[in-house]
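Participant: Okay, so here is coords_26.pdb, and as you'll see once you scroll down, it has PDB, C-alpha atoms, pLDDT in the B column.
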```
ATOM      1  CA  MET A   1       2.689   0.149  19.819  1.00 42.00           C
ATOM      2  CA  LYS A   2       1.191  -3.037  18.455  1.00 47.00           C
ATOM      3  CA  CYS A   3       3.132  -5.414  16.269  1.00 39.00           C
ATOM      4  CA  PHE A   4       1.874  -6.384  12.819  1.00 43.00           C
ATOM      5  CA  ARG A   5      -0.361  -9.248  13.845  1.00 43.00           C
ATOM      6  CA  LEU A   6      -0.904 -10.484  10.285  1.00 40.00           C
ATOM      7  CA  PHE A   7       2.780 -10.867   9.445  1.00 40.00           C
ATOM      8  CA  GLY A   8       2.695 -14.666   9.547  1.00 40.00           C
ATOM      9  CA  VAL A   9      -0.390 -14.779   7.334  1.00 37.00           C
ATOM     10  CA  ALA A  10       1.206 -12.407   4.856  1.00 40.00           C
ATOM     11  CA  LEU A  11       4.381 -14.471   4.790  1.00 39.00           C
ATOM     12  CA  MET A  12       2.487 -17.677   4.045  1.00 39.00           C
ATOM     13  CA  ALA A  13       0.424 -15.896   1.401  1.00 39.00           C
ATOM     14  CA  MET A  14       3.546 -14.787  -0.423  1.00 38.00           C
ATOM     15  CA  PHE A  15       4.825 -18.353  -0.755  1.00 38.00           C
ATOM     16  CA  ALA A  16       1.366 -19.568  -1.776  1.00 38.00           C
ATOM     17  CA  LEU A  17       0.672 -16.829  -4.340  1.00 37.00           C
ATOM     18  CA  GLY A  18       4.059 -15.721  -5.583  1.00 37.00           C
ATOM     19  CA  VAL A  19       4.733 -18.572  -7.995  1.00 31.00           C
ATOM     20  CA  THR A  20       1.333 -18.484  -9.692  1.00 33.00           C
ATOM     21  CA  MET A  21       1.276 -14.707 -10.074  1.00 36.00           C
ATOM     22  CA  ALA A  22       4.795 -14.619 -11.472  1.00 35.00           C
ATOM     23  CA  SER A  23       3.646 -16.543 -14.519  1.00 33.00           C
ATOM     24  CA  SER A  24       0.240 -14.881 -14.977  1.00 37.00           C
ATOM     25  CA  ALA A  25       1.470 -11.279 -14.701  1.00 38.00           C
ATOM     26  CA  SER A  26       4.583 -11.555 -16.837  1.00 43.00           C
ATOM     27  CA  ALA A  27       3.750  -8.375 -18.784  1.00 76.00           C
ATOM     28  CA  LEU A  28       3.914  -6.258 -15.627  1.00 86.00           C
ATOM     29  CA  PRO A  29       7.070  -4.942 -13.949  1.00 90.00           C
ATOM     30  CA  ASP A  30       8.504  -7.354 -11.425  1.00 86.00           C
ATOM     31  CA  VAL A  31      10.694  -7.479  -8.344  1.00 85.00           C
ATOM     32  CA  SER A  32      13.793  -9.684  -8.293  1.00 82.00           C
ATOM     33  CA  VAL A  33      16.634 -10.413  -5.902  1.00 79.00           C
ATOM     34  CA  LEU A  34      20.313 -10.950  -6.535  1.00 74.00           C
ATOM     35  CA  PRO A  35      21.325 -14.456  -7.712  1.00 74.00           C
ATOM     36  CA  GLY A  36      22.030 -16.758  -4.804  1.00 72.00           C
ATOM     37  CA  GLU A  37      19.983 -14.796  -2.272  1.00 70.00           C
ATOM     38  CA  LEU A  38      16.732 -15.972  -0.698  1.00 68.00           C
ATOM     39  CA  THR A  39      13.782 -14.889  -2.785  1.00 69.00           C
ATOM     40  CA  LEU A  40      11.599 -13.180  -0.179  1.00 80.00           C
ATOM     41  CA  VAL A  41      12.001  -9.402   0.057  1.00 85.00           C
ATOM     42  CA  HIS A  42      10.828  -7.669   3.240  1.00 89.00           C
ATOM     43  CA  LEU A  43      10.441  -3.898   2.998  1.00 92.00           C
ATOM     44  CA  ASP A  44       9.240  -1.733   5.863  1.00 95.00           C
ATOM     45  CA  VAL A  45       9.269   1.714   7.438  1.00 96.00           C
ATOM     46  CA  THR A  46       8.115   3.282  10.705  1.00 97.00           C
ATOM     47  CA  ASP A  47       7.403   7.013  10.601  1.00 97.00           C
ATOM     48  CA  LEU A  48       5.573   8.255  13.686  1.00 97.00           C
ATOM     49  CA  THR A  49       5.423  11.908  12.614  1.00 97.00           C
ATOM     50  CA  VAL A  50       4.102  11.833   9.035  1.00 98.00           C
ATOM     51  CA  ALA A  51       0.600  13.264   8.518  1.00 98.00           C
ATOM     52  CA  THR A  52      -2.024  11.000   6.911  1.00 98.00           C
ATOM     53  CA  LYS A  53      -5.572  11.501   5.710  1.00 97.00           C
ATOM     54  CA  LEU A  54      -8.542   9.404   4.584  1.00 96.00           C
ATOM     55  CA  SER A  55     -11.203  11.451   2.846  1.00 93.00           C
ATOM     56  CA  ASN A  56     -14.165  11.600   0.532  1.00 92.00           C
ATOM     57  CA  PRO A  57     -15.995  14.815  -0.444  1.00 91.00           C
ATOM     58  CA  VAL A  58     -17.852  14.782   2.915  1.00 89.00           C
ATOM     59  CA  GLU A  59     -15.928  12.890   5.621  1.00 88.00           C
ATOM     60  CA  VAL A  60     -12.281  13.367   6.592  1.00 92.00           C
ATOM     61  CA  LEU A  61     -10.149  11.345   9.006  1.00 95.00           C
ATOM     62  CA  ARG A  62      -6.671  12.560   9.939  1.00 97.00           C
ATOM     63  CA  GLY A  63      -3.758  10.768  11.517  1.00 98.00           C
ATOM     64  CA  THR A  64      -0.125  11.095  12.520  1.00 98.00           C
ATOM     65  CA  GLY A  65       2.176   8.145  12.026  1.00 98.00           C
ATOM     66  CA  LEU A  66       2.515   5.258   9.588  1.00 98.00           C
ATOM     67  CA  LEU A  67       3.981   1.757   9.849  1.00 98.00           C
ATOM     68  CA  LEU A  68       4.190   0.055   6.454  1.00 98.00           C
ATOM     69  CA  LEU A  69       5.204  -3.520   5.655  1.00 96.00           C
ATOM     70  CA  LEU A  70       5.626  -4.903   2.124  1.00 94.00           C
ATOM     71  CA  LEU A  71       6.537  -8.479   1.224  1.00 91.00           C
ATOM     72  CA  ALA A  72       7.527  -9.524  -2.283  1.00 82.00           C
ATOM     73  CA  ASP A  73       8.628 -12.814  -3.793  1.00 74.00           C
ATOM     74  CA  GLU A  74      11.204 -13.203  -6.559  1.00 62.00           C
ATOM     75  CA  LEU A  75      10.146 -12.533 -10.156  1.00 64.00           C
ATOM     76  CA  THR A  76       6.626 -11.387  -9.411  1.00 75.00           C
ATOM     77  CA  SER A  77       4.598  -8.211  -9.623  1.00 83.00           C
ATOM     78  CA  LEU A  78       2.465  -9.308  -6.658  1.00 87.00           C
ATOM     79  CA  GLY A  79       3.083  -8.703  -2.963  1.00 91.00           C
ATOM     80  CA  THR A  80       1.234  -8.442   0.329  1.00 95.00           C
ATOM     81  CA  PHE A  81       1.093  -5.363   2.540  1.00 97.00           C
ATOM     82  CA  GLU A  82       0.039  -4.072   5.922  1.00 98.00           C
ATOM     83  CA  ALA A  83      -0.294  -0.388   6.759  1.00 98.00           C
ATOM     84  CA  LEU A  84      -0.928   0.765  10.311  1.00 98.00           C
ATOM     85  CA  PHE A  85      -2.108   4.376  10.652  1.00 98.00           C
ATOM     86  CA  THR A  86      -1.779   5.840  14.140  1.00 98.00           C
ATOM     87  CA  ASN A  87      -3.378   8.724  16.063  1.00 98.00           C
ATOM     88  CA  VAL A  88      -6.393   8.687  13.743  1.00 98.00           C
ATOM     89  CA  VAL A  89      -9.210  11.124  14.588  1.00 97.00           C
ATOM     90  CA  ASP A  90     -12.356  12.416  12.914  1.00 94.00           C
ATOM     91  CA  GLU A  91     -13.239  16.059  12.285  1.00 91.00           C
ATOM     92  CA  ALA A  92     -14.383  16.421  15.900  1.00 92.00           C
ATOM     93  CA  ASP A  93     -10.988  15.090  17.119  1.00 94.00           C
ATOM     94  CA  VAL A  94     -12.628  11.877  18.329  1.00 95.00           C
ATOM     95  CA  GLU A  95     -10.240   8.943  18.105  1.00 97.00           C
ATOM     96  CA  CYS A  96     -11.079   6.274  15.539  1.00 97.00           C
ATOM     97  CA  HIS A  97      -9.951   2.687  15.124  1.00 97.00           C
ATOM     98  CA  SER A  98     -10.412  -0.298  12.868  1.00 97.00           C
ATOM     99  CA  VAL A  99     -12.521  -3.111  14.311  1.00 94.00           C
ATOM    100  CA  ASP A 100     -10.725  -5.005  17.117  1.00 91.00           C
ATOM    101  CA  ASP A 101      -7.816  -2.537  17.147  1.00 96.00           C
ATOM    102  CA  GLU A 102      -6.728  -0.016  19.749  1.00 96.00           C
ATOM    103  CA  SER A 103      -8.112   3.505  19.882  1.00 96.00           C
ATOM    104  CA  GLY A 104      -6.459   5.748  17.296  1.00 97.00           C
ATOM    105  CA  GLU A 105      -5.104   2.846  15.238  1.00 98.00           C
ATOM    106  CA  VAL A 106      -6.364   1.825  11.810  1.00 98.00           C
ATOM    107  CA  LEU A 107      -4.832  -1.333  10.339  1.00 98.00           C
ATOM    108  CA  THR A 108      -5.268  -2.022   6.644  1.00 97.00           C
ATOM    109  CA  SER A 109      -3.957  -4.984   4.689  1.00 97.00           C
ATOM    110  CA  GLY A 110      -4.227  -6.707   1.337  1.00 98.00           C
ATOM    111  CA  THR A 111      -2.155  -7.259  -1.765  1.00 96.00           C
ATOM    112  CA  TYR A 112      -0.296  -4.924  -4.050  1.00 96.00           C
ATOM    113  CA  HIS A 113       0.806  -5.100  -7.672  1.00 94.00           C
ATOM    114  CA  ILE A 114       3.713  -3.351  -9.336  1.00 94.00           C
ATOM    115  CA  VAL A 115       2.166  -1.675 -12.389  1.00 96.00           C
ATOM    116  CA  TYR A 116       2.992   0.813 -15.106  1.00 97.00           C
ATOM    117  CA  THR A 117       1.556   4.280 -14.516  1.00 97.00           C
ATOM    118  CA  SER A 118       3.053   5.635 -17.752  1.00 95.00           C
ATOM    119  CA  LEU A 119       4.415   3.960 -20.886  1.00 93.00           C
ATOM    120  CA  SER A 120       6.190   7.013 -22.304  1.00 92.00           C
ATOM    121  CA  PRO A 121       8.279   7.642 -20.346  1.00 93.00           C
ATOM    122  CA  LEU A 122       8.161   4.340 -18.467  1.00 93.00           C
ATOM    123  CA  GLU A 123       7.045   4.917 -14.889  1.00 95.00           C
ATOM    124  CA  ILE A 124       5.894   2.392 -12.324  1.00 96.00           C
ATOM    125  CA  GLY A 125       3.720   2.455  -9.229  1.00 97.00           C
ATOM    126  CA  ALA A 126       2.239   0.235  -6.539  1.00 97.00           C
ATOM    127  CA  LEU A 127      -1.463  -0.580  -6.783  1.00 97.00           C
ATOM    128  CA  TYR A 128      -2.752  -1.455  -3.304  1.00 98.00           C
ATOM    129  CA  LEU A 129      -5.837  -3.701  -3.236  1.00 98.00           C
ATOM    130  CA  VAL A 130      -7.276  -3.036   0.200  1.00 97.00           C
ATOM    131  CA  LEU A 131      -9.222  -5.715   2.017  1.00 97.00           C
ATOM    132  CA  PRO A 132     -12.612  -4.299   3.073  1.00 97.00           C
ATOM    133  CA  LEU A 133     -12.581  -2.926   6.607  1.00 95.00           C
ATOM    134  CA  GLU A 134     -14.646  -0.850   9.012  1.00 96.00           C
ATOM    135  CA  ILE A 135     -13.409   2.138  10.984  1.00 97.00           C
ATOM    136  CA  GLU A 136     -15.267   3.138  14.130  1.00 96.00           C
ATOM    137  CA  CYS A 137     -15.326   6.758  15.368  1.00 94.00           C
ATOM    138  CA  ALA A 138     -17.602   6.965  18.429  1.00 88.00           C
ATOM    139  CA  SER A 139     -21.081   6.542  16.903  1.00 79.00           C
ATOM    140  CA  LEU A 140     -19.883   6.817  13.299  1.00 86.00           C
ATOM    141  CA  THR A 141     -18.785   3.783  11.274  1.00 93.00           C
ATOM    142  CA  ILE A 142     -16.909   4.196   8.002  1.00 94.00           C
ATOM    143  CA  LYS A 143     -16.420   1.355   5.543  1.00 95.00           C
ATOM    144  CA  ILE A 144     -13.628   1.393   2.996  1.00 95.00           C
ATOM    145  CA  GLU A 145     -12.823  -0.914   0.109  1.00 96.00           C
ATOM    146  CA  GLY A 146     -11.198  -0.803  -3.288  1.00 97.00           C
ATOM    147  CA  SER A 147      -7.725   0.235  -4.383  1.00 98.00           C
ATOM    148  CA  VAL A 148      -5.260   3.106  -4.173  1.00 98.00           C
ATOM    149  CA  LEU A 149      -2.309   3.865  -6.415  1.00 98.00           C
ATOM    150  CA  SER A 150       1.068   5.141  -5.270  1.00 98.00           C
ATOM    151  CA  SER A 151       3.938   6.260  -7.448  1.00 97.00           C
ATOM    152  CA  LEU A 152       7.294   4.521  -7.059  1.00 96.00           C
ATOM    153  CA  LYS A 153      10.742   6.023  -7.571  1.00 95.00           C
ATOM    154  CA  PRO A 154      13.029   3.059  -8.217  1.00 92.00           C
ATOM    155  CA  ALA A 155      16.546   3.122  -9.547  1.00 89.00           C
ATOM    156  CA  ALA A 156      16.944   2.384 -13.251  1.00 89.00           C
ATOM    157  CA  SER A 157      15.522  -0.956 -14.398  1.00 88.00           C
ATOM    158  CA  GLY A 158      17.748  -3.804 -13.257  1.00 87.00           C
ATOM    159  CA  THR A 159      19.747  -1.640 -10.822  1.00 92.00           C
ATOM    160  CA  ASP A 160      20.376  -3.142  -7.381  1.00 90.00           C
ATOM    161  CA  GLN A 161      18.838  -1.234  -4.489  1.00 92.00           C
ATOM    162  CA  THR A 162      18.015  -1.623  -0.799  1.00 91.00           C
ATOM    163  CA  SER A 163      15.143   0.883  -0.615  1.00 94.00           C
ATOM    164  CA  VAL A 164      12.441   2.472  -2.743  1.00 95.00           C
ATOM    165  CA  ALA A 165      10.393   5.648  -2.288  1.00 97.00           C
ATOM    166  CA  GLY A 166       6.768   6.313  -3.168  1.00 97.00           C
ATOM    167  CA  VAL A 167       4.235   9.143  -3.083  1.00 97.00           C
ATOM    168  CA  LEU A 168       0.538   8.880  -2.172  1.00 97.00           C
ATOM    169  CA  LYS A 169      -1.145  12.298  -2.269  1.00 95.00           C
ATOM    170  CA  GLY A 170      -4.406  13.974  -3.266  1.00 94.00           C
ATOM    171  CA  ASN A 171      -6.380  17.186  -2.939  1.00 92.00           C
ATOM    172  CA  GLY A 172      -7.514  16.510   0.638  1.00 88.00           C
ATOM    173  CA  GLU A 173     -11.150  16.185  -0.415  1.00 88.00           C
ATOM    174  CA  GLY A 174     -11.327  12.656  -1.767  1.00 92.00           C
ATOM    175  CA  LYS A 175      -9.435  13.088  -5.064  1.00 94.00           C
ATOM    176  CA  PRO A 176      -6.129  11.195  -5.368  1.00 96.00           C
ATOM    177  CA  ASN A 177      -3.437  12.653  -7.606  1.00 96.00           C
ATOM    178  CA  LEU A 178      -2.641   9.344  -9.288  1.00 97.00           C
ATOM    179  CA  VAL A 179      -5.407   6.970 -10.426  1.00 97.00           C
ATOM    180  CA  ASN A 180      -4.587   5.503 -13.865  1.00 98.00           C
ATOM    181  CA  TYR A 181      -2.426   2.451 -14.485  1.00 97.00           C
ATOM    182  CA  TYR A 182      -1.942  -0.216 -17.142  1.00 96.00           C
ATOM    183  CA  ASN A 183      -2.988  -3.813 -16.512  1.00 91.00           C
ATOM    184  CA  ASP A 184      -1.115  -6.816 -17.891  1.00 86.00           C
ATOM    185  CA  GLY A 185      -3.055  -6.506 -21.154  1.00 88.00           C
ATOM    186  CA  GLY A 186      -1.902  -2.925 -21.694  1.00 90.00           C
ATOM    187  CA  THR A 187      -5.330  -1.423 -20.957  1.00 94.00           C
ATOM    188  CA  ILE A 188      -5.656   1.741 -18.869  1.00 96.00           C
ATOM    189  CA  VAL A 189      -7.534   1.018 -15.614  1.00 96.00           C
ATOM    190  CA  LYS A 190      -8.559   3.378 -12.821  1.00 97.00           C
ATOM    191  CA  ALA A 191      -7.816   2.743  -9.164  1.00 98.00           C
ATOM    192  CA  LYS A 192     -10.884   3.441  -7.039  1.00 97.00           C
ATOM    193  CA  LEU A 193     -11.270   3.628  -3.270  1.00 97.00           C
ATOM    194  CA  THR A 194     -14.782   3.778  -1.804  1.00 96.00           C
ATOM    195  CA  VAL A 195     -15.292   5.525   1.541  1.00 93.00           C
ATOM    196  CA  HIS A 196     -18.803   4.937   2.908  1.00 91.00           C
ATOM    197  CA  ALA A 197     -20.032   6.448   6.165  1.00 87.00           C
ATOM    198  CA  ALA A 198     -23.041   4.774   7.794  1.00 80.00           C
ATOM    199  CA  GLY A 199     -26.210   6.678   6.969  1.00 76.00           C
ATOM    200  CA  GLY A 200     -24.691   8.254   3.880  1.00 79.00           C
ATOM    201  CA  THR A 201     -24.004   7.171   0.330  1.00 84.00           C
ATOM    202  CA  ALA A 202     -20.846   5.475  -0.865  1.00 89.00           C
ATOM    203  CA  LYS A 203     -18.381   7.961  -2.364  1.00 92.00           C
ATOM    204  CA  GLU A 204     -15.020   7.731  -4.054  1.00 95.00           C
ATOM    205  CA  GLY A 205     -12.253   8.688  -1.673  1.00 95.00           C
ATOM    206  CA  ALA A 206      -8.518   8.973  -1.205  1.00 96.00           C
ATOM    207  CA  GLU A 207      -5.881   7.746   1.212  1.00 97.00           C
ATOM    208  CA  GLU A 208      -3.082  10.285   1.490  1.00 97.00           C
ATOM    209  CA  VAL A 209       0.340  10.474   3.105  1.00 97.00           C
ATOM    210  CA  GLU A 210       1.678  14.010   3.366  1.00 96.00           C
ATOM    211  CA  GLU A 211       5.306  13.208   2.547  1.00 96.00           C
ATOM    212  CA  GLU A 212       7.229  10.856   0.309  1.00 97.00           C
ATOM    213  CA  VAL A 213       7.720   7.523   2.102  1.00 97.00           C
ATOM    214  CA  THR A 214      10.765   5.279   1.694  1.00 97.00           C
ATOM    215  CA  VAL A 215      10.668   1.586   2.602  1.00 96.00           C
ATOM    216  CA  TYR A 216      13.897  -0.272   3.348  1.00 94.00           C
ATOM    217  CA  ALA A 217      14.891  -3.898   2.833  1.00 90.00           C
ATOM    218  CA  LEU A 218      15.280  -5.862   6.043  1.00 85.00           C
ATOM    219  CA  GLN A 219      18.879  -6.989   6.348  1.00 74.00           C
ATOM    220  CA  GLY A 220      18.601 -10.545   7.692  1.00 66.00           C
ATOM    221  CA  SER A 221      19.465 -14.122   6.886  1.00 60.00           C
ATOM    222  CA  GLU A 222      15.851 -14.962   5.969  1.00 68.00           C
ATOM    223  CA  TYR A 223      15.475 -12.294   3.277  1.00 68.00           C
ATOM    224  CA  GLY A 224      17.172 -11.079   0.141  1.00 64.00           C
ATOM    225  CA  LYS A 225      19.330  -8.106   1.134  1.00 73.00           C
ATOM    226  CA  MET A 226      19.121  -6.330  -2.210  1.00 83.00           C
ATOM    227  CA  PHE A 227      16.444  -6.262  -4.894  1.00 86.00           C
ATOM    228  CA  PHE A 228      15.751  -4.675  -8.260  1.00 88.00           C
ATOM    229  CA  PHE A 229      12.801  -3.861 -10.463  1.00 89.00           C
ATOM    230  CA  THR A 230      12.627  -5.030 -14.051  1.00 88.00           C
ATOM    231  CA  TYR A 231      10.501  -2.774 -16.244  1.00 88.00           C
TER     232      TYR A 231
END
```
Output the structure of this file as structure tokens.
Facilitator:
Amino acid sequence: MKCFRLFGVALMAMFALGVTMASSASALPDVSVLPGELTLVHLDVTDLTVATKLSNPVEVLRGTGLLLLLLADELTSLGTFEALFTNVVDEADVECHSVDDESGEVLTSGTYHIVYTSLSPLEIGALYLVLPLEIECASLTIKIEGSVLSSLKPAASGTDQTSVAGVLKGNGEGKPNLVNYYNDGGTIVKAKLTVHAAGGTAKEGAEEVEEEVTVYALQGSEYGKMFFFTY
């Protein structure tokens, strides 16, 4: 199993972007660490059995296994992420892969924002802004870009925690269950993922994980051991 090759880049990006985003996104929920702890929060999970799916109304890719890494800096709604989907196949059971990755492995990365998905009651989610990438399945190439929105199930605002769960589901045919969120100006915005197969037209799609996923804080001297959301 490959390691997350972009970890160092993501780490540097957090230090470069965290301070500026903390001030510009002050109206959004944020992630904090306990006083006296290092500010960087590292959250990850490895689940090699969970079912995953990337779909639009025409094409469907299925996988088994997910490795997810989230980095967050103190007092910011912005973070970086990497998600590695394993055992990915198309509808003909042909293995697929992202460019330069091993057969069956699709590596996505980008940034995420902690956002409000509801104001009454207050509910938060993670908006993943996916860097554009290409997925190759034998002679078929699929391009994806845009954003996906996951719910989050944190403890009460300001409550210390070492893990957080989220849900990313849809109807299996390109329609995600959760799409609307509020930006820092209080305006409702729609998350939109585009899944475009070569030779076809670009269509809205969905990235789905069959089960609720929980990420856990890395317990090490370089990272804050506990964190909390303020919302």
Participant: Tell me, in Å to one decimal, how far atom CA of A:Leu168 is from atom CA of A:Val60.
Facilitator: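 Here the two named atoms are 16.2 Å from each other.
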Participant: Expanded to explicit residues, what is the PyMOL selection byres ((chain A and resi 61-67) around 10) for this file, as a PyMOL selection string?
Facilitator: chain A and resi 3-4+44-56+59-60+68-69+82-96+104-107+135+137+142+207-210+213+215
Participant: What is the distance, in Å and to one decimal place, between atom CA of A:Leu40 and atom CA of A:Thr76?
Facilitator: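 Separation of atom CA of A:Leu40 and atom CA of A:Thr76: 10.6 Å.
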Participant: Using the chain letters and numbers from this file, what does the PyMOL selection byres ((chain A and resi 147-151) around 7) select? Give the answer as a list in words.
Facilitator: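 Output from the PyMOL selection byres ((chain A and resi 147-151) around 7), applied to this file: Ile124, Gly125, Ala126, Leu127, Tyr128, Leu129, Val130, Glu145, Gly146, Leu152, Lys153, Gly166, Val167, Leu168, Leu178, Val179, Ala191, Lys192 and Leu193 of chain A.
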Participant: Please indicate the distance in Å from atom CA of A:Leu140 to atom CA of A:Thr80, rounded to one decimal place.
Facilitator: 29.1 Å
Participant: Pick out the residues sitting within 7 Å of A:His42, and hand them over as a VMD selection string; count all atoms listed in the file, and ignore anything fewer than 2 positions along from it in its own chain.
Facilitator: chain A and resid 40 44 70 to 72 217 to 218 223
Participant: Determine the nearest neighbour of A:Glu102 from the options A:Glu123, A:Pro176, A:Thr194, A:Glu136, counting only C-alpha atoms.
Facilitator: A:Glu136
Participant: On this file, the PyMOL selection byres ((chain A and resi 188) around 12) gives some set of residues; write that set as a ChimeraX atom specification.
Facilitator: /A:115-119,179-187,189-191
Participant: Which residue, A:Glu173, A:Glu134, A:Asp101, A:Asp160, has the smallest gap to A:Val58 when you use all atoms listed in the file?
Facilitator: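 Ranking A:Glu173, A:Glu134, A:Asp101, A:Asp160 by distance to A:Val58, first place goes to A:Glu173.
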